[in-house]
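Q: Structure incoming, see below.
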Amino acid sequence: MVEITAAELQAAEKIFGDRLGLAQRYVEHLATSGTERGLIGPREVPRLWSRHVLNCAVIESAIAEGSRVADVGSGAGLPGLCLAIARPDLELTLIEPLERRVIWLQEVVDDLGLDNVTVMRTRAELAVGMVEADVVTARAVSALSNLAGLTIPLLGGKGEVVAIKGRSAAEEIEKAAKAIRKLGGVETSVVVCGQELLEEPTTVVRIIVNKPGKRA
């Protein structure tokens with residue numbers, strides 16, 4: 001079992017509720033086969049709860065009920081699988097180009113019985129038109145100026161991007177402002193999630209997209 005502190009357990013109970021057991025099994029997958037297959041660095045194992053799973057799961061507060069979510073560059077399922085476990089009301093599509101990661105993701109989805117998840121092996125730019133999403137999520141994929149072009153088109157002209165970012169979020173927004181506007185982004189903001197639950201809350205860049213003439 002991966003160690004979890006009392007504070008982390010309290011946060012996990014609030015976020016995952018009666019699905020905490022699934023979250024614990026997911027963490028075990030990350031700590032074992034996830035590290036063996038190179039999806040997670042061995043040094044990250046002691047920090048799986050704090051730095052990865054809880055850090056990702058708290059962004060569920062920024063996503064509306066019943067949303068269709070596309071997770072770009074899903075990798076080890078961060079944040080896609082965290083959201084699928086915390087929010088069974090969401091419909092998740094995990095977009096990942098690397099076959100070994102796709103195989104691992106599907107194994108975990110099957111083991112946890114997550115019927116609200118579809119794993120898709122493709123690049124984000126090739127998934128446009130194949131995925132219907134209200135929200136697109138991403139973590140550690142690319143700088144925002146590049147990420148905007150990978151995420152916004154998946155929304156079909158209307159929806160939100162919720163991208164986990166670090167302390168340079170505001171600076172990234174400034175650099176990406178022109179690209180975001182060109183793609184239909186009408187409002188970009190920095191949102192902090194999990195302040196009341198985590199020692200280090202999660203910084204998110206939220207982009208509201210509403211391209212004129214696109215889907216209602």
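Order determines the names: the first chain of the structure tokens is A, the second B, and so forth; residues in each chain are numbered 1 upward, and ligands are numbered 1 upward as they are shown.
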Using only C-alpha atoms, which residues of region 92-170 of chain A come within 6 Å of region 53-76 of chain A, and what is the closest atom pair for each, with the distance in Å to one decimal? Give it as a Markdown table, sorted by chain and residue number.

A:
| residue | atom | partner | partner_atom | distance |
| --- | --- | --- | --- | --- |
| A:Leu92 | CA | A:Val69 | CA | 4.8 |
| A:Thr93 | CA | A:Ala70 | CA | 4.7 |
| A:Leu94 | CA | A:Asp71 | CA | 4.9 |
| A:Ile95 | CA | A:Val72 | CA | 5.0 |
| A:Glu96 | CA | A:Gly73 | CA | 4.9 |
| A:Arg101 | CA | A:Gly75 | CA | 6.0 |
| A:Ala133 | CA | A:Arg68 | CA | 4.9 |
| A:Asp134 | CA | A:Arg68 | CA | 5.2 |
| A:Val135 | CA | A:Val69 | CA | 4.8 |
| A:Val136 | CA | A:Ala70 | CA | 4.7 |
| A:Thr137 | CA | A:Asp71 | CA | 4.7 |
| A:Ala138 | CA | A:Val72 | CA | 5.2 |

Q: Using all heavy atoms, can you export the residues from the last selection as a PDB file, in the first residue's frame?

A:
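Ended up saving to result-v6.pdb:
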ATOM      1  N   LEU A  92     -15.869  10.570 -19.728  1.00  0.00           N
ATOM      2  CA  LEU A  92     -14.473  10.891 -20.014  1.00  0.00           C
ATOM      3  C   LEU A  92     -13.963  10.202 -21.275  1.00  0.00           C
ATOM      4  O   LEU A  92     -14.207   9.007 -21.477  1.00  0.00           O
ATOM      5  CB  LEU A  92     -13.571  10.428 -18.864  1.00  0.00           C
ATOM      6  CG  LEU A  92     -13.343  11.310 -17.625  1.00  0.00           C
ATOM      7  CD1 LEU A  92     -12.567  12.552 -17.952  1.00  0.00           C
ATOM      8  CD2 LEU A  92     -14.619  11.621 -16.901  1.00  0.00           C
ATOM      9  N   THR A  93     -13.234  10.957 -22.097  1.00  0.00           N
ATOM     10  CA  THR A  93     -12.469  10.371 -23.191  1.00  0.00           C
ATOM     11  C   THR A  93     -11.006  10.697 -22.940  1.00  0.00           C
ATOM     12  O   THR A  93     -10.638  11.868 -22.867  1.00  0.00           O
ATOM     13  CB  THR A  93     -12.893  10.941 -24.564  1.00  0.00           C
ATOM     14  OG1 THR A  93     -14.289  10.677 -24.766  1.00  0.00           O
ATOM     15  CG2 THR A  93     -12.107  10.292 -25.688  1.00  0.00           C
ATOM     16  N   LEU A  94     -10.183   9.656 -22.769  1.00  0.00           N
ATOM     17  CA  LEU A  94      -8.754   9.860 -22.533  1.00  0.00           C
ATOM     18  C   LEU A  94      -8.028   9.783 -23.863  1.00  0.00           C
ATOM     19  O   LEU A  94      -8.050   8.745 -24.523  1.00  0.00           O
ATOM     20  CB  LEU A  94      -8.213   8.798 -21.568  1.00  0.00           C
ATOM     21  CG  LEU A  94      -8.987   8.545 -20.270  1.00  0.00           C
ATOM     22  CD1 LEU A  94      -8.212   7.570 -19.376  1.00  0.00           C
ATOM     23  CD2 LEU A  94      -9.268   9.840 -19.519  1.00  0.00           C
ATOM     24  N   ILE A  95      -7.404  10.878 -24.255  1.00  0.00           N
ATOM     25  CA  ILE A  95      -6.714  10.956 -25.551  1.00  0.00           C
ATOM     26  C   ILE A  95      -5.206  10.840 -25.310  1.00  0.00           C
ATOM     27  O   ILE A  95      -4.610  11.680 -24.625  1.00  0.00           O
ATOM     28  CB  ILE A  95      -7.045  12.281 -26.265  1.00  0.00           C
ATOM     29  CG1 ILE A  95      -8.558  12.354 -26.553  1.00  0.00           C
ATOM     30  CG2 ILE A  95      -6.250  12.417 -27.555  1.00  0.00           C
ATOM     31  CD1 ILE A  95      -9.033  13.713 -27.028  1.00  0.00           C
ATOM     32  N   GLU A  96      -4.610   9.790 -25.845  1.00  0.00           N
ATOM     33  CA  GLU A  96      -3.192   9.503 -25.611  1.00  0.00           C
ATOM     34  C   GLU A  96      -2.596   8.847 -26.853  1.00  0.00           C
ATOM     35  O   GLU A  96      -3.118   7.850 -27.335  1.00  0.00           O
ATOM     36  CB  GLU A  96      -3.054   8.578 -24.387  1.00  0.00           C
ATOM     37  CG  GLU A  96      -1.686   8.009 -24.156  1.00  0.00           C
ATOM     38  CD  GLU A  96      -0.591   9.056 -24.030  1.00  0.00           C
ATOM     39  OE1 GLU A  96      -0.736   9.990 -23.215  1.00  0.00           O
ATOM     40  OE2 GLU A  96       0.414   8.950 -24.763  1.00  0.00           O
ATOM     41  N   ARG A 101       1.095   3.448 -23.187  1.00  0.00           N
ATOM     42  CA  ARG A 101       0.277   4.160 -22.198  1.00  0.00           C
ATOM     43  C   ARG A 101      -1.203   3.827 -22.381  1.00  0.00           C
ATOM     44  O   ARG A 101      -1.932   3.677 -21.404  1.00  0.00           O
ATOM     45  CB  ARG A 101       0.499   5.674 -22.323  1.00  0.00           C
ATOM     46  CG  ARG A 101       1.895   6.104 -21.910  1.00  0.00           C
ATOM     47  CD  ARG A 101       2.083   7.588 -22.110  1.00  0.00           C
ATOM     48  NE  ARG A 101       3.417   8.020 -21.695  1.00  0.00           N
ATOM     49  CZ  ARG A 101       3.888   9.235 -21.866  1.00  0.00           C
ATOM     50  NH1 ARG A 101       3.136  10.153 -22.464  1.00  0.00           N
ATOM     51  NH2 ARG A 101       5.101   9.546 -21.458  1.00  0.00           N
ATOM     52  N   ALA A 133     -16.954  17.154 -26.814  1.00  0.00           N
ATOM     53  CA  ALA A 133     -16.565  17.529 -25.455  1.00  0.00           C
ATOM     54  C   ALA A 133     -17.128  18.886 -25.052  1.00  0.00           C
ATOM     55  O   ALA A 133     -17.161  19.818 -25.853  1.00  0.00           O
ATOM     56  CB  ALA A 133     -15.043  17.548 -25.338  1.00  0.00           C
ATOM     57  N   ASP A 134     -17.556  18.965 -23.796  1.00  0.00           N
ATOM     58  CA  ASP A 134     -17.973  20.241 -23.207  1.00  0.00           C
ATOM     59  C   ASP A 134     -16.794  20.882 -22.482  1.00  0.00           C
ATOM     60  O   ASP A 134     -16.721  22.096 -22.328  1.00  0.00           O
ATOM     61  CB  ASP A 134     -19.097  20.019 -22.180  1.00  0.00           C
ATOM     62  CG  ASP A 134     -20.247  19.208 -22.750  1.00  0.00           C
ATOM     63  OD1 ASP A 134     -20.816  19.646 -23.754  1.00  0.00           O
ATOM     64  OD2 ASP A 134     -20.557  18.127 -22.205  1.00  0.00           O
ATOM     65  N   VAL A 135     -15.890  20.004 -22.018  1.00  0.00           N
ATOM     66  CA  VAL A 135     -14.713  20.440 -21.258  1.00  0.00           C
ATOM     67  C   VAL A 135     -13.509  19.656 -21.754  1.00  0.00           C
ATOM     68  O   VAL A 135     -13.602  18.448 -21.998  1.00  0.00           O
ATOM     69  CB  VAL A 135     -14.899  20.167 -19.739  1.00  0.00           C
ATOM     70  CG1 VAL A 135     -13.646  20.579 -18.960  1.00  0.00           C
ATOM     71  CG2 VAL A 135     -16.118  20.896 -19.193  1.00  0.00           C
ATOM     72  N   VAL A 136     -12.380  20.340 -21.911  1.00  0.00           N
ATOM     73  CA  VAL A 136     -11.124  19.659 -22.248  1.00  0.00           C
ATOM     74  C   VAL A 136     -10.142  19.917 -21.114  1.00  0.00           C
ATOM     75  O   VAL A 136      -9.942  21.059 -20.696  1.00  0.00           O
ATOM     76  CB  VAL A 136     -10.527  20.155 -23.585  1.00  0.00           C
ATOM     77  CG1 VAL A 136      -9.210  19.439 -23.878  1.00  0.00           C
ATOM     78  CG2 VAL A 136     -11.503  19.917 -24.733  1.00  0.00           C
ATOM     79  N   THR A 137      -9.543  18.840 -20.599  1.00  0.00           N
ATOM     80  CA  THR A 137      -8.566  18.975 -19.514  1.00  0.00           C
ATOM     81  C   THR A 137      -7.175  18.597 -20.010  1.00  0.00           C
ATOM     82  O   THR A 137      -7.024  17.875 -20.996  1.00  0.00           O
ATOM     83  CB  THR A 137      -8.932  18.060 -18.319  1.00  0.00           C
ATOM     84  OG1 THR A 137      -9.033  16.695 -18.786  1.00  0.00           O
ATOM     85  CG2 THR A 137     -10.253  18.469 -17.684  1.00  0.00           C
ATOM     86  N   ALA A 138      -6.165  19.091 -19.305  1.00  0.00           N
ATOM     87  CA  ALA A 138      -4.781  18.752 -19.635  1.00  0.00           C
ATOM     88  C   ALA A 138      -3.891  19.051 -18.436  1.00  0.00           C
ATOM     89  O   ALA A 138      -4.171  19.952 -17.650  1.00  0.00           O
ATOM     90  CB  ALA A 138      -4.303  19.560 -20.842  1.00  0.00           C
TER      91      ALA A 138
END

Q: List as a list in words the protein and nucleic acid residues near Gly129 (chain A), meaning an atom at most 12 Å away when only C-alpha atoms are counted, but skip any in the same chain fewer than 5 places from it.

A: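 In the requested format, the answer is Ala124, Ile152, Pro153, Leu154, Leu155, Gly156 and Gly157 of chain A.
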
Q: Can those selected residues be exported to a file as a CSV table (one decimal), in the first residue's frame so that it contains N, CA, C and O atoms?

A:
chain,number,residue,atom,x,y,z
A,124,ALA,N,-4.1,14.7,-30.1
A,124,ALA,CA,-5.2,15.7,-29.9
A,124,ALA,C,-5.7,16.3,-31.2
A,124,ALA,O,-6.9,16.4,-31.4
A,152,ILE,N,-8.6,23.7,-27.5
A,152,ILE,CA,-9.8,24.4,-27.9
A,152,ILE,C,-10.5,23.8,-29.1
A,152,ILE,O,-11.7,23.8,-29.1
A,153,PRO,N,-9.8,23.4,-30.2
A,153,PRO,CA,-10.6,22.9,-31.3
A,153,PRO,C,-11.4,21.6,-31.0
A,153,PRO,O,-12.4,21.4,-31.7
A,154,LEU,N,-11.1,20.9,-29.9
A,154,LEU,CA,-11.9,19.7,-29.5
A,154,LEU,C,-13.3,20.1,-29.0
A,154,LEU,O,-14.1,19.2,-28.9
A,155,LEU,N,-13.4,21.4,-28.7
A,155,LEU,CA,-14.7,21.8,-28.1
A,155,LEU,C,-15.8,22.1,-29.2
A,155,LEU,O,-16.9,22.4,-28.9
A,156,GLY,N,-15.4,22.1,-30.4
A,156,GLY,CA,-16.3,22.3,-31.5
A,156,GLY,C,-16.9,23.7,-31.5
A,156,GLY,O,-18.0,24.0,-31.9
A,157,GLY,N,-16.2,24.7,-30.9
A,157,GLY,CA,-16.6,26.1,-30.9
A,157,GLY,C,-17.2,26.6,-29.6
A,157,GLY,O,-17.4,27.8,-29.4

Q: Would you list, as a VMD selection string, the residues of region 13-201 of chain A that end up in alpha helix (DSSP H) under DSSP run on this structure's backbone?

A: chain A and resid 13 to 16 20 to 29 35 to 36 54 to 57 80 to 86 99 to 112 144 to 151 169 to 182

Q: Give me the residues within 12 Å of Ile180 (chain A) as a CSV table (one decimal) with N, CA, C and O atoms, in the first residue's frame, counting only C-alpha atoms and dropping any in the same chain fewer than 6 places off.

A:
chain,number,residue,atom,x,y,z
A,144,LEU,N,1.0,27.0,-22.6
A,144,LEU,CA,-0.4,27.3,-22.9
A,144,LEU,C,-0.5,27.9,-24.4
A,144,LEU,O,-1.5,27.6,-25.0
A,145,SER,N,0.5,28.5,-24.8
A,145,SER,CA,0.5,29.1,-26.2
A,145,SER,C,0.3,27.9,-27.2
A,145,SER,O,-0.3,28.1,-28.3
A,146,ASN,N,0.9,26.8,-26.9
A,146,ASN,CA,0.8,25.6,-27.8
A,146,ASN,C,-0.4,24.8,-27.4
A,146,ASN,O,-1.2,24.3,-28.3
A,147,LEU,N,-0.7,24.7,-26.1
A,147,LEU,CA,-1.8,23.9,-25.6
A,147,LEU,C,-3.1,24.4,-26.1
A,147,LEU,O,-4.0,23.6,-26.4
A,148,ALA,N,-3.3,25.7,-26.2
A,148,ALA,CA,-4.5,26.2,-26.7
A,148,ALA,C,-5.0,25.6,-28.0
A,148,ALA,O,-6.1,25.2,-28.2
A,149,GLY,N,-4.0,25.4,-28.9
A,149,GLY,CA,-4.3,24.9,-30.3
A,149,GLY,C,-4.6,23.4,-30.2
A,149,GLY,O,-5.2,22.9,-31.2
A,150,LEU,N,-4.2,22.7,-29.2
A,150,LEU,CA,-4.4,21.3,-29.0
A,150,LEU,C,-5.8,21.0,-28.3
A,150,LEU,O,-6.4,19.9,-28.5
A,151,THR,N,-6.2,21.9,-27.5
A,151,THR,CA,-7.4,21.7,-26.7
A,151,THR,C,-8.7,22.4,-27.2
A,151,THR,O,-9.7,21.8,-27.3
A,152,ILE,N,-8.6,23.7,-27.5
A,152,ILE,CA,-9.8,24.4,-27.9
A,152,ILE,C,-10.5,23.8,-29.1
A,152,ILE,O,-11.7,23.8,-29.1
A,153,PRO,N,-9.8,23.4,-30.2
A,153,PRO,CA,-10.6,22.9,-31.3
A,153,PRO,C,-11.4,21.6,-31.0
A,153,PRO,O,-12.4,21.4,-31.7
A,160,GLU,N,-15.3,24.7,-22.4
A,160,GLU,CA,-14.3,25.2,-21.5
A,160,GLU,C,-13.0,24.3,-21.6
A,160,GLU,O,-13.1,23.1,-21.7
A,161,VAL,N,-11.9,25.0,-21.5
A,161,VAL,CA,-10.6,24.3,-21.2
A,161,VAL,C,-10.3,24.4,-19.8
A,161,VAL,O,-10.3,25.6,-19.2
A,172,GLU,N,1.8,32.7,-18.6
A,172,GLU,CA,1.5,31.8,-19.8
A,172,GLU,C,0.3,32.4,-20.5
A,172,GLU,O,0.2,32.4,-21.7
A,173,ILE,N,-0.7,32.9,-19.7
A,173,ILE,CA,-1.9,33.4,-20.3
A,173,ILE,C,-1.6,34.7,-21.1
A,173,ILE,O,-2.1,34.8,-22.2
A,174,GLU,N,-0.7,35.5,-20.6
A,174,GLU,CA,-0.3,36.7,-21.3
A,174,GLU,C,0.3,36.4,-22.6
A,174,GLU,O,0.0,36.9,-23.7
A,186,VAL,N,-13.1,33.5,-25.2
A,186,VAL,CA,-13.6,34.8,-24.9
A,186,VAL,C,-13.3,35.2,-23.5
A,186,VAL,O,-13.4,36.4,-23.2
A,187,GLU,N,-12.8,34.3,-22.6
A,187,GLU,CA,-12.5,34.7,-21.3
A,187,GLU,C,-11.5,33.7,-20.7
A,187,GLU,O,-11.7,32.5,-20.8
A,188,THR,N,-10.3,34.2,-20.2
A,188,THR,CA,-9.3,33.3,-19.7
A,188,THR,C,-9.0,33.8,-18.2
A,188,THR,O,-8.8,35.0,-18.0
A,189,SER,N,-9.0,32.8,-17.3
A,189,SER,CA,-8.7,33.2,-15.9
A,189,SER,C,-7.9,32.1,-15.2
A,189,SER,O,-7.8,31.0,-15.6
A,205,VAL,N,-5.8,27.0,-15.3
A,205,VAL,CA,-6.1,28.0,-16.3
A,205,VAL,C,-7.4,27.6,-16.9
A,205,VAL,O,-7.6,26.5,-17.4
A,206,ARG,N,-8.4,28.5,-16.8
A,206,ARG,CA,-9.8,28.2,-17.4
A,206,ARG,C,-10.0,29.1,-18.6
A,206,ARG,O,-9.9,30.3,-18.5
A,207,ILE,N,-10.3,28.5,-19.7
A,207,ILE,CA,-10.6,29.2,-20.9
A,207,ILE,C,-12.0,29.0,-21.3
A,207,ILE,O,-12.4,27.8,-21.6
A,208,ILE,N,-12.8,30.0,-21.4
A,208,ILE,CA,-14.2,29.9,-21.8
A,208,ILE,C,-14.2,30.1,-23.3
A,208,ILE,O,-13.7,31.2,-23.8
A,209,VAL,N,-14.8,29.2,-24.1
A,209,VAL,CA,-14.7,29.3,-25.6
A,209,VAL,C,-16.1,29.4,-26.1
A,209,VAL,O,-17.1,28.7,-25.7
A,210,ASN,N,-16.3,30.4,-27.0
A,210,ASN,CA,-17.6,30.6,-27.6
A,210,ASN,C,-17.4,31.2,-29.0
A,210,ASN,O,-17.4,32.5,-29.1
A,211,LYS,N,-17.2,30.4,-29.9
A,211,LYS,CA,-16.9,30.9,-31.3
A,211,LYS,C,-18.1,31.2,-32.0
A,211,LYS,O,-19.0,30.4,-32.2

Q: Provide the CA of Leu197 (chain A) to CA of Ala11 (chain A) distance in Å, to one decimal place.

A: 5.4 Å

Q: Pick out the residues sitting within 7 Å of Gly77 (chain A), and hand them over as a VMD selection string; count only C-alpha atoms, and ignore anything fewer than 4 positions along from it in its own chain.

A: chain A and resid 81 to 82 105

Q: Record the distance separating CA of Val190 (chain A) and CA of Leu78 (chain A), expressed in Å with one decimal.

A: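 Rounded to one decimal, the two atoms are 19.4 Å apart.
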
Q: In Å, with one decimal, what is the gap from CA of Glu91 (chain A) to CA of Val117 (chain A)?

A: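 CA of Val117 (chain A) lies at a distance of 6.3 Å from CA of Glu91 (chain A).
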
Q: Please determine, counting only C-alpha atoms, which residue among A:Arg87, A:Pro79, A:Met1, A:Pro97 has the shortest atom-to-atom distance to Leu126 (chain A).

A: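 The shortest atom-to-atom distance to Leu126 (chain A) comes from A:Pro97.
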
Q: Do a neighbour search on Val2 (chain A) at 9 Å with only C-alpha atoms, toss out local chain neighbours closer than 5 positions, and write the hits as an MDAnalysis selection string.

A: chainID A and resid 24 27:28 31 45:46 48:49

Q: Would you give me, as a list in words, the residues in region 50-100 of chain A that DSSP reads as strand (DSSP E or B)?

A: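 Secondary structure check on region 50-100 of chain A, strand (DSSP E or B): Arg68, Val69, Ala70, Asp71, Val72, Glu91, Leu92, Thr93, Leu94, Ile95 and Glu96 of chain A.
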